[in-house]
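*Asks:* Submitted below is the structure of interest, expressed as structure tokens.
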Amino acid sequence: MLQQKQMDLIAMILAFMISAKPVLGFGMDPDLQIDVTTELELDNARTGVAQVPGLYNNSRAYLFQDVERQIQAAPHVAEKVIQLLRNKSEFTIVATVQQNILTSGVILSIHESDLRYFELESSGQRDEIRYHYRFNGKPRTEVFPYRLADGLWHQIALSISASHLLLHVDCNKIYERIIDPPQTNLKPGIGLWLGQRSSRHGLFKGILQDVKIILMPNGYIIQCPNLNRRACPTCSDFLNLVQGIMDLQELLAKMTTKLNYAEARLSELESCYCEKTCQVNGEVYRSMESWVEKCKNCTCKNGAIECRQVTCPHLNCPPDFRPVYRVGKCCKECRPVCLYGGQKLSEGQRVLKNNCRECRNRTMAIVHETCPSLDCPLNEQVQPENSCCNVCHGHDFCADGHQCGENSECWNLNTRAICMCKNGFAPIQGDTAHCEDKDECANGTSYCHANTVCVNLPGSYRCDCLPGYTRVDDYSCTKRDECRNGQHSCHEMAICMNTVRGHRCICKPGYVGNGTICRDIDECVEGIIQCHKHARCVNVPGWYHCECRAGYHDNGNYSFTGDNCIDIDECASGIHSCWNDSVCVNLDGGFDCRCPFGEHCTGDCPHDEGLKRNGQVWTLREDRCSVCSCQDGNIFCRRIVCDCRTPNVDLFCCSECDTRVTSQCLHQNGHLVYRSGDIWTYNCQQCRCLQGEVDCWPLSCPTLSCEYTTIPEGECCPRCVTDPCLADNVVYDIRRTCTDNHGITRLSGSIWTMAGSPCTTCKCKHIIHFRENFGLCIGPSKACD
């Protein structure tokens with residue numbers, strides 16, 4: 001047994017040593033990485049996934065086929081991943097992929113319903129890599145133009161460090177950005193999917209290998225070790241390691257001695273009978289033994305002390321007797337009174353006339369009492385009741401000792417101390433020194449409202465909700481909140497409101513419907529808005545904006561109707577395509593190439609470092625769906641005209657002609673079916689169905705020139721605001737600080753709770769562009785912060 005403990009100790013110390021200081025050759029701590037492909041046990045037979053050779057020799061990869069599949073982690077695996085990722089500000093997602101040409105799909109997704117906390121997506125239709133995440137409860141998407149879906153092997157690594165993002169592809173850093181810090185306070189129940197977003201959406205088509213989550217800084221080094229080459233260990237490193245091993249041996253020897261002694265003691269104690277006792281003021285009491293302490297009956301029960309207040313009998317004293325406390329007694333006793341100077345005095349009561357006298361057994365006995373000197377003038381002195389010596393005004397009589405029980409408290413008066421029952425307690429037999437609990441539920445003095453049941457507690461009570469009801473405050477309950485609990489039928493673009501009979505659904509502004517079904521109001525089609533002639537109306541979910549037409553640009557002064565769109569002078573800016581002897585002439589919203597003279601006025605057009613003849617028509621190399629023509633030095637391009645009656649129509653360019661059932665797409669809500677080529681909006685994204693595959697990308701929002709913006713509830717694009725407290729895009733200058741009311745220096749953007757006021761939150765708001773810093777404290781009733 002001892003030998004086994006020694007071996008366990010050696011293993012524990014070596015594990016600590018290796019984890020505390022990385023040593024070349026030991027490899028990476030397995031607790032710092034999650035191999036998603038291994039955790040999901042893809043080697044076992046799964047529909048839609050097949051094992052294939054990987055990028056490296058004798059390596060395994062997995063082909064995700066174009067069939068309906070469900071590659072979702074089991075609940076215990078998802079919870080393990082969530083536990084490791086929870087509240088982490090630094091992590092990296094690495095994967096080796098070979099994506100089919102022109103396909104779109106999700107590589108890895110961690111989400112709950114429509115709340116995507118982490119999702120890495122590759123779109124072959126738009127040649128983009130997308131990172132979806134959440135910030136302060138709102139969705140965010142970072143888009144990186146890059147063609148990953150080209151049928152070739154690629155290594156991709158997305159590294160997050162708070163607000164710093166790095167994207168490596170094939171060990172080359174292609175993007176580095178500052179983003180909003182991702183929200184990682186993940187809750188239980190979140191799903192983990194590989195190669196898809198759900199059972200029917202975001203299906204990745206191709207091969208995935210070595211999909212891992214790395215929980216360490218610069219995790220891309222695991223995939224690309226040459227990016228962080230380290231020097232070989234020095235002799236000093238080796239000597240330090242040897243010295244560390246020697247220190248461990250010495251520590252092990254000491255621990256072995258202590259373990260030997262501990263085992264010897266344990267073997268002695270195993271033959272002993274141990275009775276749990278109680279020790280009070282130096283006295284030891286055995287189990288179930290009782291004693292009286294401070295007017296309480298106490299009992300030792302298996303090592304724990306239980307005490308209860310002594311119960312005093314009801315007193316019915318004769319006329320010449322009064323109930324009084326006697327020294328060393330817990331309950332009042334009937335004692336005879338004294339007649340002195342026409343007054344009836346209780347036993348123990350003192351009076352000062354010519355001398356100090358005290359009532360003792362019907363006799364006023366003279367008491368010789370030496371009064372202490374006082375440090376207050378005579379006019380601030382008072383004579384306490386039952387005392388012959390003065391005290392200073394404000395004297396603490398309770399500190400002199402009192403007979404108040406555990407359910408009462410001592411109060412100071414001008415000349416004496418009294419016992420008062422605590423809140424929720426009533427005096428026993430009129431004696432406020434000993435109080436008992438008031439049953440507010442039985443006597444009807446509780447404040448419990450309808451839909452509750454009153455439960456009495458010592459000195460208080462509580463109001464419990466009846467089954468089927470939920471708490472409103474401490475005293476009242478209402479029917480269960482169907483809106484908050486998700487037990488409603490409201491559309492995602494509707495507001496749920498609880499009512500007496502259940503709930504009510506109201507479509508958000510910018511939408512119309514009965515609440516269970518809401519559709520976006522297309523302000524452009526309905527003619528609700530009239531944009532300037534230089535702008536065109538663009539509809540977005542719940543809103544719209546006026547976007548400058550081709551040939552016009554924003555002059556920097558944002559206008560809701562597009563009045564800020566002015567003509568682009570292509571001739572002056574040099575962005576025209578006129579050449580040779582042709583002359584550029586600026587037009588409103590465009591330009592023209594005129595050839596008044598010269599032998600080179602052929603009307604030909606320069607294109608792709610070559611030349612297209614006047615009148616020549618060709619298809620773009622990078623876009624087979626566009627046809628261009630050269631006309632008098634100008635190049636005009638348009639989408640090909642689709643004639644679905646043509647037998648050999650190109651379905652890739654003319655997706656609306658694809659009537660195959662397999663090319664249809666299912667809406668994210670699972671209730672609507674779209675044909676190939678259809679476009680719709682969902683969750684602030686524009687989605688398109690192309691041959692059975694759904695691809696979604698963030699909506700295009702207008703560029704705002706104002707300093708502070710916010711995205712209103714139910715809308716997708718930001719609007720201008722003047723109050724920085726309401727803004728979503730506030731950037732705090734961390735070089736500046738605030739000083740709180742205790743003189744503590746706080747960094748800009750930091751949040752703390754005000755000392756002495758736990759319901760007040762403060763935030764240092766030194767915002768970039770502001771000239772002065774200020775600390776803003778917000779109470780619980782305000783919304784800002």
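Naming scheme: A, B, ... for chains in displayed order of the structure tokens; residues 1 onward per chain; ligands 1 onward as shown.
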Near range 470-482 of chain A, within 8 Å and counting only C-alpha atoms, which residues show up once chain neighbours fewer than 6 positions away are dropped, as a VMD selection string?
*Replies:* chain A and resid 447 to 452 462 to 463 488 498 500 502 to 503
*Asks:* Restricting the output to N, CA, C and O atoms, write the selected residues as a PDB file, in the first residue's frame.
*Replies:*
```
ATOM      1  N   TYR A 447     -48.699  39.151   3.951  1.00  0.00           N
ATOM      2  CA  TYR A 447     -49.019  39.939   2.760  1.00  0.00           C
ATOM      3  C   TYR A 447     -49.096  39.054   1.510  1.00  0.00           C
ATOM      4  O   TYR A 447     -48.992  39.554   0.396  1.00  0.00           O
ATOM      5  N   CYS A 448     -49.241  37.757   1.686  1.00  0.00           N
ATOM      6  CA  CYS A 448     -49.332  36.862   0.534  1.00  0.00           C
ATOM      7  C   CYS A 448     -50.609  37.154  -0.255  1.00  0.00           C
ATOM      8  O   CYS A 448     -51.697  37.208   0.314  1.00  0.00           O
ATOM      9  N   HIS A 449     -50.432  37.329  -1.575  1.00  0.00           N
ATOM     10  CA  HIS A 449     -51.562  37.645  -2.442  1.00  0.00           C
ATOM     11  C   HIS A 449     -52.147  36.359  -3.020  1.00  0.00           C
ATOM     12  O   HIS A 449     -51.786  35.255  -2.627  1.00  0.00           O
ATOM     13  N   ALA A 450     -53.033  36.548  -3.995  1.00  0.00           N
ATOM     14  CA  ALA A 450     -53.672  35.409  -4.647  1.00  0.00           C
ATOM     15  C   ALA A 450     -52.627  34.566  -5.376  1.00  0.00           C
ATOM     16  O   ALA A 450     -51.543  35.042  -5.725  1.00  0.00           O
ATOM     17  N   ASN A 451     -52.953  33.317  -5.615  1.00  0.00           N
ATOM     18  CA  ASN A 451     -52.098  32.360  -6.329  1.00  0.00           C
ATOM     19  C   ASN A 451     -50.877  31.959  -5.521  1.00  0.00           C
ATOM     20  O   ASN A 451     -49.905  31.452  -6.082  1.00  0.00           O
ATOM     21  N   THR A 452     -50.887  32.200  -4.184  1.00  0.00           N
ATOM     22  CA  THR A 452     -49.760  31.815  -3.339  1.00  0.00           C
ATOM     23  C   THR A 452     -50.267  31.042  -2.134  1.00  0.00           C
ATOM     24  O   THR A 452     -51.449  31.061  -1.812  1.00  0.00           O
ATOM     25  N   ARG A 462     -42.921  33.050   4.229  1.00  0.00           N
ATOM     26  CA  ARG A 462     -42.690  33.213   2.790  1.00  0.00           C
ATOM     27  C   ARG A 462     -43.949  32.836   2.031  1.00  0.00           C
ATOM     28  O   ARG A 462     -44.800  32.100   2.546  1.00  0.00           O
ATOM     29  N   CYS A 463     -44.052  33.348   0.828  1.00  0.00           N
ATOM     30  CA  CYS A 463     -45.214  33.098  -0.018  1.00  0.00           C
ATOM     31  C   CYS A 463     -44.779  32.215  -1.180  1.00  0.00           C
ATOM     32  O   CYS A 463     -44.045  32.669  -2.066  1.00  0.00           O
ATOM     33  N   HIS A 488     -44.523  29.300 -26.415  1.00  0.00           N
ATOM     34  CA  HIS A 488     -45.412  30.170 -27.189  1.00  0.00           C
ATOM     35  C   HIS A 488     -45.286  29.825 -28.661  1.00  0.00           C
ATOM     36  O   HIS A 488     -44.391  29.069 -29.072  1.00  0.00           O
ATOM     37  N   ASN A 498     -47.201  38.277 -22.296  1.00  0.00           N
ATOM     38  CA  ASN A 498     -48.024  37.455 -21.412  1.00  0.00           C
ATOM     39  C   ASN A 498     -49.336  38.171 -21.105  1.00  0.00           C
ATOM     40  O   ASN A 498     -49.360  39.384 -20.872  1.00  0.00           O
ATOM     41  N   VAL A 500     -53.516  37.462 -19.215  1.00  0.00           N
ATOM     42  CA  VAL A 500     -54.206  36.687 -18.183  1.00  0.00           C
ATOM     43  C   VAL A 500     -54.576  35.308 -18.717  1.00  0.00           C
ATOM     44  O   VAL A 500     -54.528  34.301 -18.001  1.00  0.00           O
ATOM     45  N   GLY A 502     -53.002  33.688 -21.177  1.00  0.00           N
ATOM     46  CA  GLY A 502     -51.896  32.983 -21.824  1.00  0.00           C
ATOM     47  C   GLY A 502     -50.862  33.961 -22.341  1.00  0.00           C
ATOM     48  O   GLY A 502     -50.178  34.624 -21.561  1.00  0.00           O
ATOM     49  N   HIS A 503     -50.771  34.103 -23.685  1.00  0.00           N
ATOM     50  CA  HIS A 503     -49.839  35.039 -24.274  1.00  0.00           C
ATOM     51  C   HIS A 503     -50.404  35.578 -25.585  1.00  0.00           C
ATOM     52  O   HIS A 503     -51.355  35.027 -26.139  1.00  0.00           O
TER      53      HIS A 503
END
```
*Asks:* Env of range 369-373 of chain A: 9 Å cut, atoms = only C-alpha atoms, seq-sep filter 4 positions within chain, self excluded. Answer as a count of residues only.
*Replies:* 5
*Asks:* For range 689-695 of chain A, find every residue with an atom within 9 Å (counting only C-alpha atoms), except residues of its own chain fewer than 6 positions away, and show them as a VMD selection string.
*Replies:* chain A and resid 103 to 105 123 125 to 126 201 to 203 651 to 652 655 to 656 658 660 to 667 674 to 680
*Asks:* Find, counting only C-alpha atoms, the residue in A:Tyr133, A:Trp153, A:Trp697, A:Phe397 that gets nearest to Ala95 in chain A.
*Replies:*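 Ranking A:Tyr133, A:Trp153, A:Trp697, A:Phe397 by distance to Ala95 in chain A, first place goes to A:Trp153.
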*Asks:* DSSP on the backbone, then: every residue of range 204-285 of chain A marked helix (DSSP H, G or I), written as number ranges by chain.
*Replies:* A: 219-222, 225-228, 235-269
*Asks:* Go ahead and write the residues just picked, C-alpha atoms, as a compact mmCIF listing (two decimals), in the first residue's frame.
*Replies:*
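The result, written out as result07.txt:
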```
# COMPACT_ATOMS: atom_id res chain seq x y z
CA GLY A 219 -2.81 27.46 -31.19
CA TYR A 220 -2.06 27.53 -34.92
CA ILE A 221 1.49 26.44 -33.98
CA ILE A 222 0.09 22.92 -33.48
CA PRO A 225 5.20 24.28 -35.93
CA ASN A 226 7.67 26.07 -38.21
CA LEU A 227 5.96 29.36 -37.39
CA ASN A 228 7.37 29.21 -33.87
CA CYS A 235 23.31 22.95 -20.81
CA SER A 236 21.86 25.29 -18.23
CA ASP A 237 18.39 23.97 -19.02
CA PHE A 238 19.66 20.40 -18.57
CA LEU A 239 21.37 21.21 -15.24
CA ASN A 240 18.21 22.90 -13.98
CA LEU A 241 16.25 19.78 -14.87
CA VAL A 242 18.77 17.55 -13.02
CA GLN A 243 18.63 19.82 -9.96
CA GLY A 244 14.85 19.68 -10.05
CA ILE A 245 14.92 15.88 -10.05
CA MET A 246 17.33 15.90 -7.06
CA ASP A 247 14.99 18.24 -5.17
CA LEU A 248 12.10 15.91 -5.95
CA GLN A 249 14.03 12.94 -4.57
CA GLU A 250 14.64 14.80 -1.31
CA LEU A 251 10.98 15.79 -1.08
CA LEU A 252 9.96 12.20 -1.79
CA ALA A 253 12.14 10.93 1.07
CA LYS A 254 10.52 13.35 3.52
CA MET A 255 7.05 12.46 2.32
CA THR A 256 7.84 8.75 2.68
CA THR A 257 8.78 9.24 6.35
CA LYS A 258 5.55 11.12 7.00
CA LEU A 259 3.49 8.46 5.25
CA ASN A 260 5.10 5.73 7.37
CA TYR A 261 4.22 7.60 10.56
CA ALA A 262 0.66 8.27 9.36
CA GLU A 263 0.07 4.59 8.52
CA ALA A 264 1.35 3.56 11.96
CA ARG A 265 -1.07 5.97 13.65
CA LEU A 266 -3.96 4.81 11.48
CA SER A 267 -3.34 1.17 12.37
CA GLU A 268 -3.56 2.11 16.07
CA LEU A 269 -6.77 4.07 15.64
```
*Asks:* Neighbouring residues of Met364 in chain A were defined as those with any atom within 10 Å, considering only C-alpha atoms; residues of the same chain fewer than 5 positions away were excluded. Please report them as a ChimeraX atom specification.
*Replies:* /A:337-340,345,347-351,356-359
*Asks:* Generate the output file for the selected residues, N, CA, C and O atoms, as an mmCIF file, in the first residue's frame.
*Replies:*
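New file part_25.cif:
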```cif
data_model
loop_
_atom_site.group_PDB
_atom_site.id
_atom_site.type_symbol
_atom_site.label_atom_id
_atom_site.label_comp_id
_atom_site.auth_asym_id
_atom_site.auth_seq_id
_atom_site.Cartn_x
_atom_site.Cartn_y
_atom_site.Cartn_z
ATOM 1 N N VAL A 337 -42.834 42.948 47.795
ATOM 2 C CA VAL A 337 -42.484 44.333 47.504
ATOM 3 C C VAL A 337 -42.150 45.052 48.801
ATOM 4 O O VAL A 337 -42.446 44.572 49.905
ATOM 5 N N CYS A 338 -41.528 46.241 48.684
ATOM 6 C CA CYS A 338 -41.200 47.092 49.829
ATOM 7 C C CYS A 338 -41.986 48.387 49.715
ATOM 8 O O CYS A 338 -42.123 48.950 48.611
ATOM 9 N N LEU A 339 -42.488 48.892 50.857
ATOM 10 C CA LEU A 339 -43.174 50.183 50.913
ATOM 11 C C LEU A 339 -42.182 51.211 51.421
ATOM 12 O O LEU A 339 -41.647 51.092 52.546
ATOM 13 N N TYR A 340 -41.903 52.256 50.618
ATOM 14 C CA TYR A 340 -40.900 53.245 51.010
ATOM 15 C C TYR A 340 -41.286 54.582 50.397
ATOM 16 O O TYR A 340 -41.359 54.715 49.161
ATOM 17 N N LEU A 345 -41.891 49.232 45.864
ATOM 18 C CA LEU A 345 -40.663 48.932 45.130
ATOM 19 C C LEU A 345 -40.484 47.434 45.022
ATOM 20 O O LEU A 345 -40.727 46.691 45.980
ATOM 21 N N GLU A 347 -38.350 43.892 44.565
ATOM 22 C CA GLU A 347 -37.117 43.422 45.187
ATOM 23 C C GLU A 347 -35.930 43.664 44.253
ATOM 24 O O GLU A 347 -35.988 43.390 43.054
ATOM 25 N N GLY A 348 -34.854 44.224 44.845
ATOM 26 C CA GLY A 348 -33.671 44.562 44.081
ATOM 27 C C GLY A 348 -33.658 45.981 43.558
ATOM 28 O O GLY A 348 -32.636 46.474 43.075
ATOM 29 N N GLN A 349 -34.791 46.685 43.658
ATOM 30 C CA GLN A 349 -34.873 48.057 43.156
ATOM 31 C C GLN A 349 -34.239 49.004 44.175
ATOM 32 O O GLN A 349 -34.423 48.850 45.378
ATOM 33 N N ARG A 350 -33.478 49.968 43.696
ATOM 34 C CA ARG A 350 -32.783 50.910 44.552
ATOM 35 C C ARG A 350 -33.349 52.311 44.366
ATOM 36 O O ARG A 350 -33.807 52.671 43.277
ATOM 37 N N VAL A 351 -33.226 53.111 45.484
ATOM 38 C CA VAL A 351 -33.613 54.526 45.453
ATOM 39 C C VAL A 351 -32.559 55.310 46.214
ATOM 40 O O VAL A 351 -31.864 54.777 47.091
ATOM 41 N N CYS A 356 -28.357 55.557 49.925
ATOM 42 C CA CYS A 356 -28.797 54.584 48.911
ATOM 43 C C CYS A 356 -29.387 53.374 49.608
ATOM 44 O O CYS A 356 -28.774 52.788 50.502
ATOM 45 N N ARG A 357 -30.611 53.028 49.203
ATOM 46 C CA ARG A 357 -31.289 51.886 49.800
ATOM 47 C C ARG A 357 -31.791 50.947 48.697
ATOM 48 O O ARG A 357 -32.143 51.379 47.596
ATOM 49 N N GLU A 358 -31.870 49.645 49.065
ATOM 50 C CA GLU A 358 -32.301 48.596 48.127
ATOM 51 C C GLU A 358 -33.330 47.722 48.808
ATOM 52 O O GLU A 358 -33.191 47.373 49.975
ATOM 53 N N CYS A 359 -34.398 47.368 48.045
ATOM 54 C CA CYS A 359 -35.463 46.521 48.575
ATOM 55 C C CYS A 359 -34.974 45.079 48.664
ATOM 56 O O CYS A 359 -34.628 44.471 47.642
#
```
*Asks:* Please list as a list in words every residue within 10 Å of Cys605 in chain A, counting only C-alpha atoms and excluding residues in the same chain fewer than 2 positions away.
*Replies:* Ser577, Cys578, Trp579, Asn580, Thr602, Gly603, His607, Gly610, Leu611, Lys612, Arg613, Asn614, Gly615, Gln616, Ser629, Cys630, Gln631, Asp632, Gly633, Asn634 and Ile635 of chain A
*Asks:* Please, which residues of range 108-342 of chain A, numbered as in this document, come out strand (DSSP E) from DSSP, as a VMD selection string?
*Replies:* chain A and resid 108 to 112 115 to 123 128 to 135 138 to 145 153 to 161 164 to 169 172 to 178 191 to 194 206 to 214 278 to 280 283 to 285 290 to 293 296 to 301 304 to 309 321 to 324 333 to 336 338 to 340
*Asks:* Between CA of Arg322 in chain A and CA of Val382 in chain A, what is the distance, to one decimal in Å?
*Replies:*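 Taking CA of Arg322 in chain A as the start and CA of Val382 in chain A as the end point, the length is 26.3 Å.
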*Asks:* With only C-alpha atoms as the counted atoms, please give the residues lying no more than 6 Å from range 552-557 of chain A, apart from itself and same-chain residues fewer than 6 positions off, as a ChimeraX atom specification.
*Replies:* /A:564-568,589
*Asks:* Could you write out the selected residues, including C-alpha atoms, as a PDB file, in the first residue's frame?
*Replies:*
```pdb
ATOM      1  CA  ASN A 564     -26.063  62.613 -50.332  1.00  0.00           C
ATOM      2  CA  CYS A 565     -25.378  60.622 -53.540  1.00  0.00           C
ATOM      3  CA  ILE A 566     -23.332  62.641 -56.014  1.00  0.00           C
ATOM      4  CA  ASP A 567     -21.929  61.813 -59.430  1.00  0.00           C
ATOM      5  CA  ILE A 568     -18.551  60.073 -59.735  1.00  0.00           C
ATOM      6  CA  GLY A 589     -23.937  58.615 -63.419  1.00  0.00           C
TER       7      GLY A 589
END
```
*Asks:* Just how far from CA of Thr703 in chain A is CA of Thr722 in chain A, in Å to one decimal?
*Replies:*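 These atoms are spaced 16.6 Å apart.
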*Asks:* Quick one: pull the distance between CA of Gln51 in chain A and CA of Leu108 in chain A, Å, one decimal.
*Replies:*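 About the pair CA of Gln51 in chain A and CA of Leu108 in chain A: they are 18.2 Å apart.
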